[in-house]
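These notes are about the structure you will find just below.
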Amino acid sequence: MSIFTGVRGAAWFRALTGKAAPIPGDPKSVLTADAPLGTDNARFLCVVPDPHARFPCARQGQVGLEEAYTLATRVREVIELDKNTAKRPIIAIVDVKSQAYGRREETAAIFLAGAAAADAYGSARLAGHPVIALVVGHALSGGFLTHGYQANRILAFDDDGVMIHAMHKEAAARITRRSVEELDKLGKIIAPLSYDVKDYAKLGLLYKLLHVENPETPSANDILTVKNEVIAAIADARSKPVDLRNRRESPGALQTRKGTILVRAKLEEQWKQA
């Protein structure tokens, strides 16, 4: 399991694109590259740690002000370039520990920066770009909401080093006034409280769990497997509606999120009557 968030992200960005450096002028914490993927030329994006970043709270793989605005810029760039032509896939390689929480970030409106990135990804999806999130490590809190959660399809490695959740376990324990051990016990019977990616998959939000031999140093076989799975996810996204209904109509959601689906139906019914 990676000690530092972003290690896997950088490794898989390099494996899938053959590149490891940011676009000139971009912060070192955001990697962007266009690379062949099947019959497409896809845009890949990844947030990685930069120990020398100008904002201290964004030095360990968090999505901060610079990261969020850079993601928004590079996604919007693709939307504009492909406005009158075929819509290329956008691949978000995800290994982020959170958004950057700090006084500087709050003063400079981190919520606007995060919203700009999320809106860019959502706009790309609605414009017809297949947006695929590949979760190779952590996908936590506002970091995932900003980078990856707006994807048509979310793929994740079936591995102990992968964690998808609203907050870190220690923070969740403080908020709920429970111990980490108590949360672990509850997670075994209440899927949304679990930090196991297999339990997250039960919620119906993932398109697929992927099995790779070595998530941190991918082999040629791992790379080929992941590329083929991403290509399949792109094809599926292109053949289905551009909204996110698949997340509540999937078998997992129909089984595990019955309450959520019922509440949504009641709200829609009331909205139509208003």
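Scheme for the structure tokens: letters A, B, ... for chains in order shown; per-chain residue numbers from 1; ligand numbers from 1 in order shown.
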Which residues in segment 30-245 of chain A does DSSP call strand (DSSP E or B)? List them as a ChimeraX atom specification. /A:30-37,40-47,63,90-96,99,131-140,153-157,163-165,208-210
Output for the residues just chosen: N, CA and C atoms as a compact mmCIF listing (two decimals), in the first residue's frame:
```txt
# COMPACT_ATOMS: atom_id res chain seq x y z
N VAL A 30 -0.17 18.96 -11.18
CA VAL A 30 -1.21 18.52 -12.12
C VAL A 30 -0.55 18.04 -13.41
N LEU A 31 -0.75 16.77 -13.73
CA LEU A 31 -0.20 16.19 -14.95
C LEU A 31 -1.31 16.10 -15.99
N THR A 32 -1.03 16.57 -17.19
CA THR A 32 -1.98 16.52 -18.29
C THR A 32 -1.27 16.02 -19.53
N ALA A 33 -1.89 15.12 -20.25
CA ALA A 33 -1.29 14.62 -21.50
C ALA A 33 -2.37 14.06 -22.39
N ASP A 34 -2.15 14.19 -23.69
CA ASP A 34 -2.99 13.52 -24.68
C ASP A 34 -2.23 12.30 -25.18
N ALA A 35 -2.89 11.15 -25.18
CA ALA A 35 -2.22 9.91 -25.56
C ALA A 35 -3.20 8.97 -26.24
N PRO A 36 -2.73 8.13 -27.15
CA PRO A 36 -3.62 7.18 -27.83
C PRO A 36 -4.22 6.18 -26.87
N LEU A 37 -5.51 5.86 -27.11
CA LEU A 37 -6.21 4.88 -26.31
C LEU A 37 -7.22 4.21 -27.22
N ASP A 40 -8.97 6.17 -30.12
CA ASP A 40 -9.09 7.57 -29.69
C ASP A 40 -7.74 8.14 -29.32
N ASN A 41 -7.71 9.46 -29.23
CA ASN A 41 -6.60 10.16 -28.62
C ASN A 41 -7.19 10.85 -27.39
N ALA A 42 -6.98 10.26 -26.22
CA ALA A 42 -7.65 10.69 -25.01
C ALA A 42 -6.83 11.72 -24.25
N ARG A 43 -7.53 12.51 -23.46
CA ARG A 43 -6.84 13.43 -22.54
C ARG A 43 -6.82 12.80 -21.16
N PHE A 44 -5.63 12.71 -20.58
CA PHE A 44 -5.43 12.15 -19.25
C PHE A 44 -5.07 13.27 -18.28
N LEU A 45 -5.64 13.21 -17.07
CA LEU A 45 -5.34 14.19 -16.04
C LEU A 45 -5.11 13.49 -14.71
N CYS A 46 -4.17 14.01 -13.93
CA CYS A 46 -3.85 13.39 -12.65
C CYS A 46 -3.29 14.46 -11.70
N VAL A 47 -3.70 14.40 -10.45
CA VAL A 47 -3.15 15.27 -9.41
C VAL A 47 -2.13 14.47 -8.60
N VAL A 63 -6.20 18.33 -3.57
CA VAL A 63 -6.65 19.21 -4.65
C VAL A 63 -6.86 20.59 -4.04
N ILE A 90 -12.00 11.72 -21.84
CA ILE A 90 -11.23 12.38 -20.79
C ILE A 90 -11.08 11.39 -19.65
N ILE A 91 -9.83 11.10 -19.28
CA ILE A 91 -9.55 10.08 -18.27
C ILE A 91 -8.96 10.75 -17.03
N ALA A 92 -9.68 10.70 -15.93
CA ALA A 92 -9.20 11.23 -14.66
C ALA A 92 -8.56 10.09 -13.88
N ILE A 93 -7.25 10.12 -13.73
CA ILE A 93 -6.55 9.14 -12.91
C ILE A 93 -6.57 9.67 -11.48
N VAL A 94 -7.20 8.92 -10.57
CA VAL A 94 -7.51 9.45 -9.25
C VAL A 94 -6.68 8.79 -8.15
N ASP A 95 -5.94 9.62 -7.43
CA ASP A 95 -5.24 9.21 -6.21
C ASP A 95 -5.06 10.47 -5.37
N VAL A 96 -6.14 10.92 -4.75
CA VAL A 96 -6.13 12.18 -4.02
C VAL A 96 -6.63 11.97 -2.60
N GLN A 99 -9.47 17.54 -0.50
CA GLN A 99 -9.22 18.89 -0.98
C GLN A 99 -8.26 19.53 0.02
N VAL A 131 -16.28 10.61 -20.05
CA VAL A 131 -15.39 10.93 -18.93
C VAL A 131 -15.28 9.70 -18.05
N ILE A 132 -14.07 9.20 -17.91
CA ILE A 132 -13.83 7.97 -17.14
C ILE A 132 -12.91 8.29 -15.97
N ALA A 133 -13.31 7.90 -14.77
CA ALA A 133 -12.45 8.03 -13.59
C ALA A 133 -11.82 6.68 -13.30
N LEU A 134 -10.52 6.66 -13.21
CA LEU A 134 -9.77 5.45 -12.88
C LEU A 134 -9.17 5.64 -11.49
N VAL A 135 -9.78 5.03 -10.48
CA VAL A 135 -9.31 5.20 -9.10
C VAL A 135 -8.23 4.16 -8.82
N VAL A 136 -7.00 4.63 -8.70
CA VAL A 136 -5.88 3.72 -8.50
C VAL A 136 -5.36 3.74 -7.06
N GLY A 137 -5.83 4.72 -6.27
CA GLY A 137 -5.40 4.84 -4.88
C GLY A 137 -6.52 5.40 -4.03
N HIS A 138 -6.28 6.56 -3.44
CA HIS A 138 -7.30 7.20 -2.61
C HIS A 138 -8.19 8.11 -3.44
N ALA A 139 -9.47 8.13 -3.08
CA ALA A 139 -10.43 9.06 -3.69
C ALA A 139 -11.30 9.56 -2.55
N LEU A 140 -10.80 10.57 -1.86
CA LEU A 140 -11.41 10.98 -0.61
C LEU A 140 -11.93 12.41 -0.65
N ARG A 153 -18.37 6.95 -16.03
CA ARG A 153 -18.09 5.63 -15.47
C ARG A 153 -16.89 5.74 -14.53
N ILE A 154 -16.99 5.07 -13.38
CA ILE A 154 -15.90 5.03 -12.41
C ILE A 154 -15.36 3.61 -12.32
N LEU A 155 -14.08 3.45 -12.60
CA LEU A 155 -13.39 2.18 -12.44
C LEU A 155 -12.46 2.29 -11.23
N ALA A 156 -12.27 1.21 -10.50
CA ALA A 156 -11.38 1.23 -9.35
C ALA A 156 -10.66 -0.10 -9.22
N PHE A 157 -9.44 -0.03 -8.72
CA PHE A 157 -8.69 -1.26 -8.47
C PHE A 157 -9.26 -1.97 -7.24
N MET A 163 -9.14 3.45 -1.56
CA MET A 163 -10.11 3.89 -0.57
C MET A 163 -10.97 5.00 -1.18
N ILE A 164 -12.28 4.79 -1.19
CA ILE A 164 -13.22 5.79 -1.70
C ILE A 164 -14.20 6.12 -0.59
N HIS A 165 -14.17 7.37 -0.14
CA HIS A 165 -15.05 7.71 0.98
C HIS A 165 -15.20 9.22 1.09
N LYS A 208 -16.96 -0.83 -12.55
CA LYS A 208 -16.30 -2.13 -12.45
C LYS A 208 -15.11 -2.04 -11.49
N LEU A 209 -14.85 -3.14 -10.80
CA LEU A 209 -13.61 -3.31 -10.04
C LEU A 209 -12.60 -4.04 -10.91
N LEU A 210 -11.36 -3.53 -10.93
CA LEU A 210 -10.33 -4.11 -11.78
C LEU A 210 -9.28 -4.83 -10.93
```
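Once Lys83 of chain A and its same-chain neighbours fewer than 2 positions away are set aside, Arg76, Glu77, Val78, Ile79, Glu80, Leu81, Thr85, Ala86, Lys87, Arg88, Ser123, Ala124, Ala127, Gly128 and His129 of chain A remain within 12 Å of it when counting only C-alpha atoms.
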Selection: 8 Å around Gln62 of chain A, only C-alpha atoms, excl. self and same-chain fewer than 4 positions, as a list of chain:residue names: A:Val47, A:Val48, A:Pro49, A:Cys57, A:Ala58, A:Val96, A:Lys97, A:Ser98, A:Gln99, A:Ala100, A:Gly143
Taking N, CA, C and O atoms for each residue, export the selection above as a short mmCIF file (atom, residue, chain, number, x, y, z; two decimals), in the first residue's frame.
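Generated output (selection00.cif):
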```cif
data_model
loop_
_atom_site.label_atom_id
_atom_site.label_comp_id
_atom_site.auth_asym_id
_atom_site.auth_seq_id
_atom_site.Cartn_x
_atom_site.Cartn_y
_atom_site.Cartn_z
N VAL A 47 -3.70 14.40 -10.45
CA VAL A 47 -3.15 15.27 -9.41
C VAL A 47 -2.13 14.47 -8.60
O VAL A 47 -2.43 13.35 -8.16
N VAL A 48 -0.94 15.02 -8.44
CA VAL A 48 0.15 14.33 -7.75
C VAL A 48 0.76 15.25 -6.69
O VAL A 48 0.59 16.47 -6.76
N PRO A 49 1.47 14.70 -5.72
CA PRO A 49 2.10 15.54 -4.69
C PRO A 49 3.19 16.43 -5.28
O PRO A 49 3.88 16.05 -6.22
N CYS A 57 -0.84 23.47 2.21
CA CYS A 57 -1.89 22.47 2.43
C CYS A 57 -2.17 21.60 1.21
O CYS A 57 -2.99 20.69 1.28
N ALA A 58 -1.50 21.90 0.10
CA ALA A 58 -1.73 21.11 -1.12
C ALA A 58 -0.45 20.42 -1.57
O ALA A 58 -0.27 20.15 -2.76
N VAL A 96 -6.14 10.92 -4.75
CA VAL A 96 -6.13 12.18 -4.02
C VAL A 96 -6.63 11.97 -2.60
O VAL A 96 -7.62 11.29 -2.36
N LYS A 97 -5.96 12.59 -1.64
CA LYS A 97 -6.30 12.35 -0.23
C LYS A 97 -7.41 13.26 0.26
O LYS A 97 -8.05 12.96 1.28
N SER A 98 -7.67 14.38 -0.41
CA SER A 98 -8.74 15.29 0.01
C SER A 98 -8.62 16.57 -0.80
O SER A 98 -7.76 16.70 -1.67
N GLN A 99 -9.47 17.54 -0.50
CA GLN A 99 -9.22 18.89 -0.98
C GLN A 99 -8.26 19.53 0.02
O GLN A 99 -8.05 19.00 1.11
N ALA A 100 -7.68 20.65 -0.35
CA ALA A 100 -6.73 21.33 0.54
C ALA A 100 -7.49 22.20 1.54
O ALA A 100 -8.15 23.16 1.16
N GLY A 143 -11.56 16.12 -2.66
CA GLY A 143 -10.61 15.83 -3.73
C GLY A 143 -11.25 15.01 -4.83
O GLY A 143 -11.07 15.28 -6.02
#
```
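Residue nearest Pro251 of chain A, chosen from A:Asp236, A:Ile231, A:Leu205, A:His211 and counting only C-alpha atoms: A:Leu205.
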12 Å contact set for segment 180-185 of chain A, only C-alpha atoms, chain neighbours under 2 positions out, as JSON, numbers by chain: {"A": [168, 169, 170, 171, 172, 173, 174, 175, 176, 177, 178, 187, 188, 189, 190, 191, 192, 193, 194, 195, 196]}
Keeping only N, CA and C atoms, take the residues you just selected and write them out as a short mmCIF file (atom, residue, chain, number, x, y, z; two decimals), in the first residue's frame.
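Result file result-v4.cif:
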```
data_model
loop_
_atom_site.label_atom_id
_atom_site.label_comp_id
_atom_site.auth_asym_id
_atom_site.auth_seq_id
_atom_site.Cartn_x
_atom_site.Cartn_y
_atom_site.Cartn_z
N HIS A 168 -11.73 10.94 5.79
CA HIS A 168 -10.78 10.01 6.37
C HIS A 168 -11.40 9.34 7.60
N LYS A 169 -10.94 8.15 7.88
CA LYS A 169 -11.54 7.35 8.96
C LYS A 169 -11.42 8.05 10.32
N GLU A 170 -10.26 8.67 10.59
CA GLU A 170 -10.08 9.33 11.87
C GLU A 170 -11.04 10.51 12.03
N ALA A 171 -11.24 11.25 10.93
CA ALA A 171 -12.18 12.37 10.97
C ALA A 171 -13.61 11.88 11.16
N ALA A 172 -13.95 10.80 10.48
CA ALA A 172 -15.29 10.23 10.62
C ALA A 172 -15.54 9.78 12.06
N ALA A 173 -14.51 9.25 12.70
CA ALA A 173 -14.64 8.82 14.09
C ALA A 173 -14.90 10.01 15.00
N ARG A 174 -14.20 11.12 14.76
CA ARG A 174 -14.41 12.31 15.59
C ARG A 174 -15.82 12.87 15.39
N ILE A 175 -16.26 12.94 14.13
CA ILE A 175 -17.57 13.51 13.82
C ILE A 175 -18.69 12.68 14.45
N THR A 176 -18.56 11.36 14.39
CA THR A 176 -19.61 10.48 14.91
C THR A 176 -19.43 10.14 16.39
N ARG A 177 -18.33 10.67 16.98
CA ARG A 177 -18.02 10.42 18.40
C ARG A 177 -17.90 8.93 18.69
N ARG A 178 -17.23 8.26 17.77
CA ARG A 178 -16.95 6.83 17.94
C ARG A 178 -15.46 6.61 17.78
N GLY A 187 -18.84 -0.73 9.76
CA GLY A 187 -18.61 -0.84 8.33
C GLY A 187 -18.87 -2.22 7.78
N LYS A 188 -18.78 -3.23 8.66
CA LYS A 188 -19.01 -4.60 8.22
C LYS A 188 -20.49 -4.91 8.01
N ILE A 189 -21.36 -4.07 8.59
CA ILE A 189 -22.80 -4.31 8.44
C ILE A 189 -23.52 -3.15 7.73
N ILE A 190 -22.86 -1.99 7.64
CA ILE A 190 -23.45 -0.83 6.97
C ILE A 190 -22.49 -0.40 5.87
N ALA A 191 -22.80 -0.74 4.63
CA ALA A 191 -21.87 -0.53 3.52
C ALA A 191 -21.36 0.90 3.39
N PRO A 192 -22.20 1.95 3.51
CA PRO A 192 -21.68 3.31 3.34
C PRO A 192 -20.64 3.72 4.37
N LEU A 193 -20.59 3.04 5.51
CA LEU A 193 -19.60 3.36 6.53
C LEU A 193 -18.28 2.62 6.33
N SER A 194 -18.27 1.66 5.44
CA SER A 194 -17.08 0.84 5.23
C SER A 194 -16.03 1.57 4.40
N TYR A 195 -14.78 1.27 4.69
CA TYR A 195 -13.67 1.83 3.91
C TYR A 195 -13.08 0.78 2.96
N ASP A 196 -13.76 -0.33 2.82
CA ASP A 196 -13.34 -1.39 1.90
C ASP A 196 -13.95 -1.10 0.53
#
```
Tell me which protein, DNA and RNA residues are within 6 Å of Leu71 of chain A, counting only C-alpha atoms, leaving out same-chain ones fewer than 3 positions away, and put them as a ChimeraX atom specification. /A:68,74,117
Which residues are near segment 243-245 of chain A? Cut-off 10 Å, only C-alpha atoms, ignore same chain within fewer than 5 positions. Put them as a list in words. Gly122, Arg125, Leu126, Gln150, Ala151, Asn152, Arg153, Leu205, Ala237 and Ser250 of chain A
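Atom pair atom CA of Glu67 of chain A / atom CA of Leu16 of chain A: separated by 20.6 Å.
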Near Ile261 of chain A, counting only C-alpha atoms, which residues have an atom at most 9 Å away, once you skip same-chain residues fewer than 5 positions from it, shown as a compact mmCIF listing (two decimals) with C-alpha atoms, in the first residue's frame?
```
# COMPACT_ATOMS: atom_id res chain seq x y z
CA ARG A 248 -29.06 4.55 -9.27
CA GLU A 249 -30.27 2.05 -11.87
CA ALA A 253 -27.92 0.49 -6.29
CA LEU A 254 -31.30 -1.21 -6.69
CA LYS A 266 -40.90 11.11 -3.73
```
Could you check how far atom CA of Ala21 of chain A sits from atom CA of Phe111 of chain A, in Å to one decimal? 27.0 Å
